[in-house]
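Structure file data_35.cif (mmCIF, C-alpha atoms) is printed below.
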```cif
data_protein
loop_
_atom_site.label_atom_id
_atom_site.label_comp_id
_atom_site.auth_asym_id
_atom_site.auth_seq_id
_atom_site.Cartn_x
_atom_site.Cartn_y
_atom_site.Cartn_z
CA MET J 13 -29.36 8.39 0.20
CA LYS J 14 -27.80 5.55 -1.81
CA ILE J 15 -24.04 4.97 -1.84
CA LEU J 16 -22.08 2.59 -4.04
CA ILE J 17 -18.59 1.46 -2.95
CA VAL J 18 -16.37 0.14 -5.76
CA ASP J 19 -13.29 -1.56 -4.31
CA ASP J 20 -11.62 -4.94 -4.86
CA SER J 21 -10.92 -5.32 -1.14
CA THR J 22 -13.77 -6.62 0.99
CA PHE J 23 -11.98 -5.21 4.03
CA SER J 24 -11.84 -1.78 2.45
CA GLN J 25 -15.52 -2.00 1.43
CA LYS J 26 -16.46 -2.86 5.03
CA THR J 27 -14.29 -0.14 6.64
CA THR J 28 -15.60 2.47 4.22
CA ILE J 29 -19.23 1.53 4.92
CA LYS J 30 -18.57 1.43 8.66
CA ALA J 31 -17.01 4.91 8.54
CA LEU J 32 -19.75 6.37 6.32
CA LYS J 33 -22.44 4.90 8.56
CA THR J 34 -21.18 7.14 11.38
CA ILE J 35 -22.38 10.16 9.36
CA TYR J 36 -25.09 8.54 7.23
CA PRO J 37 -26.54 5.65 9.27
CA ASP J 38 -29.74 5.55 7.21
CA ALA J 39 -28.11 5.44 3.79
CA THR J 40 -28.38 2.32 1.64
CA TYR J 41 -25.02 0.83 0.70
CA GLU J 42 -24.06 -1.48 -2.17
CA THR J 43 -20.63 -2.79 -3.15
CA ALA J 44 -18.89 -3.77 -6.37
CA ASP J 45 -15.50 -5.50 -6.70
CA ASP J 46 -14.16 -3.74 -9.78
CA GLY J 47 -14.93 -1.07 -12.35
CA ILE J 48 -16.97 -3.32 -14.63
CA GLU J 49 -19.21 -4.50 -11.82
CA GLY J 50 -19.43 -0.93 -10.53
CA ILE J 51 -20.74 0.40 -13.83
CA GLN J 52 -23.26 -2.46 -14.13
CA LEU J 53 -24.50 -1.93 -10.60
CA TYR J 54 -24.74 1.82 -11.06
CA GLY J 55 -27.42 1.31 -13.73
CA THR J 56 -29.70 -0.69 -11.46
CA PHE J 57 -28.89 0.82 -8.04
CA LEU J 58 -28.71 4.45 -9.25
CA PRO J 59 -26.69 5.70 -6.28
CA ASP J 60 -26.41 9.32 -5.20
CA TYR J 61 -22.67 8.92 -4.68
CA VAL J 62 -19.99 6.46 -5.78
CA PHE J 63 -16.82 5.86 -3.74
CA MET J 64 -14.28 4.52 -6.21
CA ASP J 65 -10.94 2.81 -5.54
CA LEU J 66 -8.29 3.13 -8.27
CA LEU J 67 -6.07 0.04 -8.30
CA MET J 68 -8.46 -2.79 -9.15
CA PRO J 69 -8.31 -5.83 -11.44
CA ASN J 70 -10.39 -6.14 -14.65
CA MET J 71 -11.14 -2.43 -14.90
CA ASN J 72 -9.31 0.08 -12.73
CA GLY J 73 -10.88 3.14 -11.15
CA GLN J 74 -9.57 5.65 -13.67
CA GLU J 75 -11.05 3.71 -16.59
CA ALA J 76 -14.27 3.19 -14.65
CA ILE J 77 -14.67 6.92 -14.02
CA VAL J 78 -14.41 7.65 -17.73
CA HIS J 79 -16.84 4.88 -18.75
CA LEU J 80 -19.27 5.63 -15.94
CA LEU J 81 -19.46 9.33 -16.79
CA GLU J 82 -19.89 8.54 -20.49
CA LYS J 83 -22.88 6.42 -19.66
CA PHE J 84 -24.18 8.34 -16.66
CA PRO J 85 -22.95 11.96 -16.86
CA GLU J 86 -24.82 12.81 -13.66
CA ALA J 87 -22.77 10.33 -11.59
CA LYS J 88 -21.07 11.86 -8.55
CA ILE J 89 -17.82 10.00 -7.99
CA ILE J 90 -15.56 10.36 -4.96
CA VAL J 91 -12.23 8.60 -5.37
CA LEU J 92 -10.99 6.79 -2.29
CA SER J 93 -7.48 5.55 -2.95
CA ALA J 94 -4.18 4.70 -1.27
CA ASP J 95 -2.31 6.42 -4.09
CA VAL J 96 -0.81 9.60 -2.68
CA GLN J 97 0.61 10.97 -5.92
CA ALA J 98 -0.46 14.50 -6.82
CA ALA J 99 -0.43 13.64 -10.54
CA VAL J 100 -2.94 10.84 -9.98
CA ARG J 101 -5.18 13.14 -7.95
CA GLU J 102 -5.12 15.71 -10.76
CA GLU J 103 -5.85 13.07 -13.40
CA VAL J 104 -8.93 11.66 -11.68
CA LEU J 105 -10.31 15.11 -10.91
CA ALA J 106 -9.75 16.09 -14.55
CA ALA J 107 -11.56 12.89 -15.56
CA GLY J 108 -14.62 14.08 -13.66
CA ALA J 109 -14.39 12.79 -10.09
CA ILE J 110 -15.72 15.38 -7.67
CA LYS J 111 -13.29 14.63 -4.85
CA PHE J 112 -10.12 12.63 -4.13
CA ILE J 113 -9.62 11.19 -0.66
CA ASN J 114 -6.64 9.17 0.52
CA LYS J 115 -7.22 5.95 2.41
CA PRO J 116 -7.74 5.33 5.25
CA ILE J 117 -10.89 7.33 6.06
CA ASN J 118 -10.62 9.15 9.38
CA ALA J 119 -12.73 11.71 11.23
CA ASP J 120 -11.26 14.66 9.32
CA LYS J 121 -11.92 13.04 5.96
CA LEU J 122 -15.47 12.15 7.02
CA GLY J 123 -15.95 15.84 7.81
CA GLU J 124 -14.80 16.72 4.28
CA ILE J 125 -17.20 14.18 2.79
CA LYS J 126 -20.11 15.54 4.84
CA GLN J 127 -19.29 19.08 3.79
CA LEU J 128 -19.08 18.05 0.14
CA ILE J 129 -22.41 16.23 0.23
CA GLU J 130 -24.30 18.74 2.33
CA GLY J 131 -22.61 21.88 1.01
CA MET T 29 28.82 0.26 -3.53
CA LEU T 30 27.10 3.25 -1.98
CA THR T 31 29.21 5.98 -0.43
CA THR T 32 28.55 6.81 3.21
CA ILE T 33 26.83 10.06 2.19
CA GLN T 34 24.63 8.35 -0.41
CA GLU T 35 23.63 5.70 2.11
CA ASP T 36 22.92 8.30 4.76
CA ILE T 37 20.71 10.38 2.43
CA LEU T 38 18.82 7.32 1.13
CA LYS T 39 18.29 6.06 4.67
CA GLU T 40 16.95 9.41 5.83
CA LEU T 41 14.62 9.76 2.86
CA TYR T 42 13.34 6.24 3.34
CA ASN T 43 12.89 6.99 7.01
CA VAL T 44 10.57 9.89 6.16
CA PHE T 45 8.53 7.84 3.67
CA VAL T 46 8.21 4.92 6.08
CA GLY T 47 7.34 7.32 8.89
CA GLU T 48 4.37 8.56 6.85
CA ALA T 49 3.35 4.98 6.17
CA ALA T 50 3.65 4.10 9.87
CA ASN T 51 1.30 6.97 10.70
CA LEU T 52 -1.29 5.48 8.37
CA LEU T 53 -0.80 2.02 9.83
CA SER T 54 -1.16 3.43 13.34
CA GLU T 55 -4.39 5.13 12.27
CA ILE T 56 -5.81 1.89 10.84
CA LEU T 57 -4.77 -0.34 13.75
CA GLN T 58 -5.32 2.28 16.46
CA LYS T 59 -1.98 1.22 17.93
CA ARG T 60 1.44 2.76 18.36
CA ILE T 61 3.85 1.62 15.67
CA VAL T 62 7.56 1.48 16.47
CA LEU T 63 10.00 1.51 13.58
CA SER T 64 13.56 0.25 13.54
CA VAL T 65 16.35 2.31 12.01
CA PRO T 66 16.00 1.69 8.27
CA LYS T 67 18.69 -0.26 6.47
CA VAL T 68 19.87 0.52 2.99
CA THR T 69 21.93 -2.09 1.20
CA LEU T 70 23.15 -2.26 -2.35
CA LEU T 71 23.56 -5.94 -2.98
CA SER T 72 25.10 -8.13 -5.50
CA LEU T 73 22.91 -11.03 -4.47
CA HIS T 74 24.84 -13.74 -6.21
CA GLU T 75 27.99 -12.84 -4.36
CA LEU T 76 26.48 -13.35 -0.91
CA ASN T 77 27.45 -16.56 0.85
CA PRO T 78 24.69 -18.59 2.57
CA VAL T 79 25.44 -17.16 6.02
CA GLU T 80 25.27 -13.60 4.70
CA GLN T 81 21.99 -14.43 2.93
CA GLU T 82 20.49 -15.85 6.11
CA ASN T 83 21.58 -12.86 8.19
CA LEU T 84 20.28 -10.32 5.71
CA THR T 85 16.73 -10.32 6.91
CA PRO T 86 16.00 -13.13 9.38
CA VAL T 87 12.23 -12.65 9.14
CA LEU T 88 12.41 -13.86 5.54
CA ASN T 89 13.41 -17.32 6.71
CA GLY T 90 10.02 -18.11 8.23
CA THR T 91 6.60 -18.62 6.67
CA ILE T 92 5.55 -15.24 5.40
CA LEU T 93 2.81 -13.45 3.56
CA SER T 94 3.94 -10.77 1.15
CA THR T 95 1.93 -8.04 -0.51
CA SER T 96 3.83 -6.61 -3.43
CA LEU T 97 3.32 -3.56 -5.55
CA LYS T 98 5.14 -3.58 -8.86
CA PHE T 99 6.04 -0.17 -10.22
CA GLY T 100 7.61 0.90 -13.52
CA SER T 101 8.49 1.56 -16.29
CA VAL T 102 11.23 4.26 -16.38
CA PHE T 103 11.78 3.83 -12.67
CA SER T 104 10.93 0.23 -11.92
CA GLY T 105 11.02 -2.32 -9.19
CA ARG T 106 8.89 -3.98 -6.60
CA ALA T 107 7.91 -2.82 -3.12
CA GLU T 108 6.92 -5.50 -0.63
CA PHE T 109 5.16 -5.54 2.69
CA ILE T 110 6.29 -8.73 4.39
CA PHE T 111 4.54 -10.26 7.24
CA PRO T 112 5.24 -13.33 9.40
CA THR T 113 2.15 -15.54 9.18
CA GLU T 114 1.90 -15.96 12.97
CA GLN T 115 0.91 -12.27 13.17
CA ILE T 116 -1.84 -12.38 10.59
CA LYS T 117 -4.75 -13.28 12.87
CA TYR T 118 -3.68 -10.64 15.41
CA VAL T 119 -3.56 -7.89 12.81
CA THR T 120 -6.80 -8.99 11.13
CA ALA T 121 -8.55 -8.84 14.50
CA LEU T 122 -7.14 -5.35 15.14
CA CYS T 123 -8.24 -4.12 11.73
CA LEU T 124 -11.73 -5.52 12.05
CA GLY T 125 -12.08 -4.30 15.63
CA GLU T 126 -12.50 -7.85 16.89
CA GLU T 127 -11.10 -9.46 20.02
CA TYR T 128 -8.01 -11.59 19.49
CA THR T 129 -7.87 -14.95 21.24
CA LEU T 130 -5.42 -17.83 21.31
CA GLU T 131 -7.93 -19.86 19.30
CA ASP T 132 -7.55 -17.31 16.52
CA GLU T 133 -3.81 -17.88 16.53
CA GLU T 134 -4.27 -21.59 15.96
CA SER T 135 -6.88 -21.31 13.24
CA THR T 136 -6.02 -21.35 9.56
CA PHE T 137 -6.06 -18.28 7.38
CA ASN T 138 -9.07 -17.37 5.34
CA ASP T 139 -9.77 -15.01 2.45
CA GLU T 140 -10.64 -12.23 4.88
CA ASP T 141 -7.17 -12.44 6.48
CA PHE T 142 -5.46 -12.24 3.10
CA ASP T 143 -7.71 -9.40 2.05
CA VAL T 144 -6.90 -7.37 5.17
CA VAL T 145 -3.14 -7.85 4.79
CA LYS T 146 -3.32 -7.04 1.08
CA GLU T 147 -5.19 -3.81 1.71
CA LEU T 148 -2.85 -2.82 4.55
CA GLY T 149 0.10 -3.49 2.26
CA ASN T 150 -1.52 -1.49 -0.51
CA ILE T 151 -1.96 1.57 1.70
CA ILE T 152 1.54 1.34 3.21
CA LEU T 153 3.37 0.70 -0.06
CA ASN T 154 1.47 3.42 -1.91
CA SER T 155 2.45 5.87 0.80
CA ILE T 156 6.14 4.97 0.55
CA MET T 157 6.29 4.81 -3.24
CA GLY T 158 4.30 8.04 -3.52
CA GLY T 159 7.02 9.73 -1.48
CA MET T 160 9.65 8.17 -3.69
CA GLY T 161 7.89 9.35 -6.88
CA SER T 162 7.60 12.83 -5.44
CA LEU T 163 11.33 12.86 -4.70
CA LEU T 164 12.10 11.77 -8.25
CA GLU T 165 9.52 14.18 -9.66
CA MET T 166 7.82 11.46 -11.65
CA LYS T 167 4.50 9.68 -11.67
CA LEU T 168 4.85 6.00 -10.91
CA GLU T 169 2.61 3.48 -12.63
CA TYR T 170 1.50 0.58 -10.45
CA ASP T 171 0.18 -2.90 -11.14
CA VAL T 172 -2.65 -4.31 -9.02
CA PRO T 173 -1.08 -5.47 -5.69
CA GLN T 174 -0.32 -9.18 -5.42
CA ILE T 175 -0.44 -11.26 -2.27
CA VAL T 176 1.58 -14.46 -1.95
CA LEU T 177 1.98 -16.96 0.89
CA HIS T 178 5.56 -18.26 1.06
CA SER T 179 6.55 -21.41 2.93
CA ALA T 180 9.55 -21.26 5.29
CA GLY T 181 12.67 -20.18 3.42
CA GLU T 182 10.89 -19.96 0.07
CA TYR T 183 10.93 -16.18 -0.11
CA GLY T 184 14.65 -15.99 0.58
CA ARG T 185 15.39 -18.61 -2.08
CA THR T 186 13.33 -16.67 -4.63
CA LEU T 187 15.08 -13.44 -3.70
CA PHE T 188 18.56 -14.87 -3.96
CA ASN T 189 17.83 -16.73 -7.18
CA SER T 190 16.40 -13.60 -8.75
CA GLU T 191 17.58 -12.76 -12.26
CA GLU T 192 18.33 -9.25 -11.10
CA SER T 193 21.75 -9.73 -9.58
CA ASN T 194 22.09 -6.16 -8.35
CA LEU T 195 19.44 -4.96 -6.00
CA LEU T 196 19.04 -1.95 -3.82
CA LEU T 197 17.19 -3.10 -0.76
CA LEU T 198 15.54 -0.60 1.52
CA TYR T 199 14.05 -2.26 4.52
CA VAL T 200 12.70 -1.50 7.93
CA ASN T 201 11.27 -3.59 10.74
CA PHE T 202 8.29 -2.34 12.62
CA ASN T 203 6.28 -3.54 15.56
CA ILE T 204 3.03 -2.76 17.28
CA ASP T 205 2.93 -1.57 20.88
CA ASP T 206 6.64 -2.44 21.33
CA SER T 207 5.80 -6.12 21.45
CA LYS T 208 4.15 -7.80 18.49
CA VAL T 209 6.62 -7.87 15.65
CA LEU T 210 4.77 -6.97 12.52
CA GLY T 211 7.22 -7.50 9.74
CA LEU T 212 9.15 -5.49 7.26
CA ILE T 213 8.93 -3.32 4.19
CA LEU T 214 11.37 -4.05 1.44
CA ILE T 215 11.88 -2.33 -1.89
CA LYS T 216 13.86 -3.83 -4.76
CA PHE T 217 14.93 -1.73 -7.71
CA SER T 218 16.20 -2.60 -11.16
CA LEU T 219 19.80 -1.68 -11.93
CA GLU T 220 18.77 1.27 -14.15
CA SER T 221 16.51 2.55 -11.42
CA ILE T 222 19.26 2.25 -8.83
CA GLU T 223 21.45 4.47 -11.01
CA PHE T 224 18.58 6.91 -11.46
CA LEU T 225 17.91 7.05 -7.72
CA ILE T 226 21.59 7.50 -6.91
CA GLN T 227 21.83 10.38 -9.39
CA LYS T 228 18.99 12.05 -7.53
CA VAL T 229 20.66 11.40 -4.20
CA ASP T 230 23.90 12.93 -5.54
CA GLU T 231 21.95 16.02 -6.61
CA ILE T 232 20.59 16.33 -3.09
CA SER T 233 24.08 15.90 -1.71
CA ARG T 234 25.46 18.62 -4.01
CA ASP T 235 22.63 20.98 -3.04
CA LEU T 236 23.49 20.45 0.61
CA ASN T 237 27.08 21.40 0.03
CA GLU T 238 26.42 24.52 -2.02
#
```
Have the structure of the file written as structure tokens, please.
Amino acid sequence: MKILIVDDSTFSQKTTIKALKTIYPDATYETADDGIEGIQLYGTFLPDYVFMDLLMPNMNGQEAIVHLLEKFPEAKIIVLSADVQAAVREEVLAAGAIKFINKPINADKLGEIKQLIEG
Amino acid sequence: MLTTIQEDILKELYNVFVGEAANLLSEILQKRIVLSVPKVTLLSLHELNPVEQENLTPVLNGTILSTSLKFGSVFSGRAEFIFPTEQIKYVTALCLGEEYTLEDEESTFNDEDFDVVKELGNIILNSIMGGMGSLLEMKLEYDVPQIVLHSAGEYGRTLFNSEESNLLLLYVNFNIDDSKVLGLILIKFSLESIEFLIQKVDEISRDLNE
């Protein structure tokens, strides 16, 4: 499995990969620092799943979801954000993200991710 | 000036929002977080004398790192996660699961340290402001978080020379494991937003008395 993490924080990229590796140790991980880089990398890396932050410079996560799905309608995007607002959650799900998870990732949230991916 | 009831309600609401944020922080650091009793102060900054300014929030007088999250536009202001620089290496080590040594304390900060504090601040401030937006029944728009290193006293000078003369400050001190002082969370609101928030608080007060 290939997983792309789009987040402007290196710390957040590392903690997300570290957490995901506990359930998917053999997956291949790539990182991008903003929406623009994320979309570019998607085209070459072709990940199975994208973990997308929302508040990022250059192109934020909400814009990136729209552009990414325009270009790659098959993209499976999981939003991983500190924003706890219900309205934001609804907006990104309406935009086409398949799941919204609040940072930080913990064991319960990893369980949700596993269930989502494995059905 | 805030009435006693308004101050009490604001303090309690802030306490709940900060409590949620402290839970997140505890989860990230894997440490117990102890919060002080929150303080709520409506300030006319330009009317404070130097002693009052200095006593307002002593931690602001040292060298600090602040992560700020600007929110607006109908309800606007800036939430800040303020952090004495001497704690940065300790917290970075905790976050990265690394051992903290005295050598770390003496070393200079790097991009990784700033990145960790910025992301911590982002999570904490989003949690608090999300609670605030929910209370006000409105969606808050945020700018990308900013991180700034302030030399000793610089933050206080900026605060007290701010163009916004009236500020509602909500702040709380917190520490890790009852020992390492971590810093404070401070939220500044524009005058219009203060009025908006107080209206909401008055509604809550009226509901309580019905």
Problem set entry | Sphere at (27.4, 8.8, -7.9), radius 9 Å, counting only C-alpha atoms: residues as a PyMOL selection string | chain T and resi 30-31+34+223+226-227+229-230
Starting from the displayed file, determine the output of the PyMOL selection byres ((chain J) within 8 of (chain T)) and express the residue list as a compact mmCIF listing (two decimals) with C-alpha atoms, in the frame of the given file.
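selection_36.txt was written with the following content:
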```txt
# COMPACT_ATOMS: atom_id res chain seq x y z
CA SER J 21 -10.92 -5.32 -1.14
CA THR J 22 -13.77 -6.62 0.99
CA PHE J 23 -11.98 -5.21 4.03
CA SER J 24 -11.84 -1.78 2.45
CA LEU J 67 -6.07 0.04 -8.30
CA MET J 68 -8.46 -2.79 -9.15
CA PRO J 69 -8.31 -5.83 -11.44
CA ALA J 94 -4.18 4.70 -1.27
CA ASP J 95 -2.31 6.42 -4.09
CA VAL J 96 -0.81 9.60 -2.68
CA GLN J 97 0.61 10.97 -5.92
CA ALA J 99 -0.43 13.64 -10.54
CA VAL J 100 -2.94 10.84 -9.98
CA LYS J 115 -7.22 5.95 2.41
CA PRO J 116 -7.74 5.33 5.25
CA ASN J 118 -10.62 9.15 9.38
```
For this session: Figure out the distance between atom CA of J:Asp65 and atom CA of T:Leu214, please, to one decimal in Å.
Result: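 Straight-line distance from atom CA of T:Leu214 to atom CA of J:Asp65 works out to 24.4 Å.
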Problem set entry | Given all atoms listed in the file as the counted atoms, nearest of T:Ile213, T:Phe224, T:Glu108, T:Gly125 to T:Ser64 |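 Between T:Ile213, T:Phe224, T:Glu108, T:Gly125, the residue approaching T:Ser64 most closely is T:Ile213.
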For this session: Tell me which residues the PyMOL selection byres ((chain J and resi 47) around 10) grabs here, as a VMD selection string.
Result: chain J and resid 18 to 20 44 to 46 48 to 53 64 to 77 79 to 80
For this session: Output the residue selection produced by the PyMOL selection byres ((chain T and resi 218) around 12) on the file above, formatted as a PyMOL selection string.
Result: chain T and resi 70-72+98-107+190-197+215-217+219-225
Keeping C-alpha atoms, export the residues of the selection given above as a PDB file, keeping the file's coordinate frame.
```
ATOM      1  CA  LEU T  70      23.150  -2.260  -2.350  1.00  0.00           C
ATOM      2  CA  LEU T  71      23.560  -5.940  -2.980  1.00  0.00           C
ATOM      3  CA  SER T  72      25.100  -8.130  -5.500  1.00  0.00           C
ATOM      4  CA  LYS T  98       5.140  -3.580  -8.860  1.00  0.00           C
ATOM      5  CA  PHE T  99       6.040  -0.170 -10.220  1.00  0.00           C
ATOM      6  CA  GLY T 100       7.610   0.900 -13.520  1.00  0.00           C
ATOM      7  CA  SER T 101       8.490   1.560 -16.290  1.00  0.00           C
ATOM      8  CA  VAL T 102      11.230   4.260 -16.380  1.00  0.00           C
ATOM      9  CA  PHE T 103      11.780   3.830 -12.670  1.00  0.00           C
ATOM     10  CA  SER T 104      10.930   0.230 -11.920  1.00  0.00           C
ATOM     11  CA  GLY T 105      11.020  -2.320  -9.190  1.00  0.00           C
ATOM     12  CA  ARG T 106       8.890  -3.980  -6.600  1.00  0.00           C
ATOM     13  CA  ALA T 107       7.910  -2.820  -3.120  1.00  0.00           C
ATOM     14  CA  SER T 190      16.400 -13.600  -8.750  1.00  0.00           C
ATOM     15  CA  GLU T 191      17.580 -12.760 -12.260  1.00  0.00           C
ATOM     16  CA  GLU T 192      18.330  -9.250 -11.100  1.00  0.00           C
ATOM     17  CA  SER T 193      21.750  -9.730  -9.580  1.00  0.00           C
ATOM     18  CA  ASN T 194      22.090  -6.160  -8.350  1.00  0.00           C
ATOM     19  CA  LEU T 195      19.440  -4.960  -6.000  1.00  0.00           C
ATOM     20  CA  LEU T 196      19.040  -1.950  -3.820  1.00  0.00           C
ATOM     21  CA  LEU T 197      17.190  -3.100  -0.760  1.00  0.00           C
ATOM     22  CA  ILE T 215      11.880  -2.330  -1.890  1.00  0.00           C
ATOM     23  CA  LYS T 216      13.860  -3.830  -4.760  1.00  0.00           C
ATOM     24  CA  PHE T 217      14.930  -1.730  -7.710  1.00  0.00           C
ATOM     25  CA  LEU T 219      19.800  -1.680 -11.930  1.00  0.00           C
ATOM     26  CA  GLU T 220      18.770   1.270 -14.150  1.00  0.00           C
ATOM     27  CA  SER T 221      16.510   2.550 -11.420  1.00  0.00           C
ATOM     28  CA  ILE T 222      19.260   2.250  -8.830  1.00  0.00           C
ATOM     29  CA  GLU T 223      21.450   4.470 -11.010  1.00  0.00           C
ATOM     30  CA  PHE T 224      18.580   6.910 -11.460  1.00  0.00           C
ATOM     31  CA  LEU T 225      17.910   7.050  -7.720  1.00  0.00           C
TER      32      LEU T 225
END
```
For this session: Might you pull out every residue within 9 Å of J:Ile129, with all atoms listed in the file counted and same-chain residues fewer than 4 positions away left off, and present them as a ChimeraX atom specification?
Result: /J:61,124-125
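Remark: for T:Leu63, the closest of the candidate residues T:Val44, T:Leu88, T:Val79, T:Leu97 is T:Val44 (distances computed over only C-alpha atoms).
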Seminar exercise, completed: A straight line from atom CA of J:Asn114 to atom CA of J:Ala31 spans 13.8 Å
For this session: Give me the residues within 9 Å of stretch 105-107 of chain J as a ChimeraX atom specification, counting only C-alpha atoms and dropping any in the same chain fewer than 2 places off.
Result: /J:74,77-78,81,91,100-103,109-112
Exercise. How many Å lie between atom CA of J:Ile89 and atom CA of J:Tyr54, rounded to one decimal?
Worked result: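 For atom CA of J:Ile89 relative to atom CA of J:Tyr54, the distance reads 11.1 Å.
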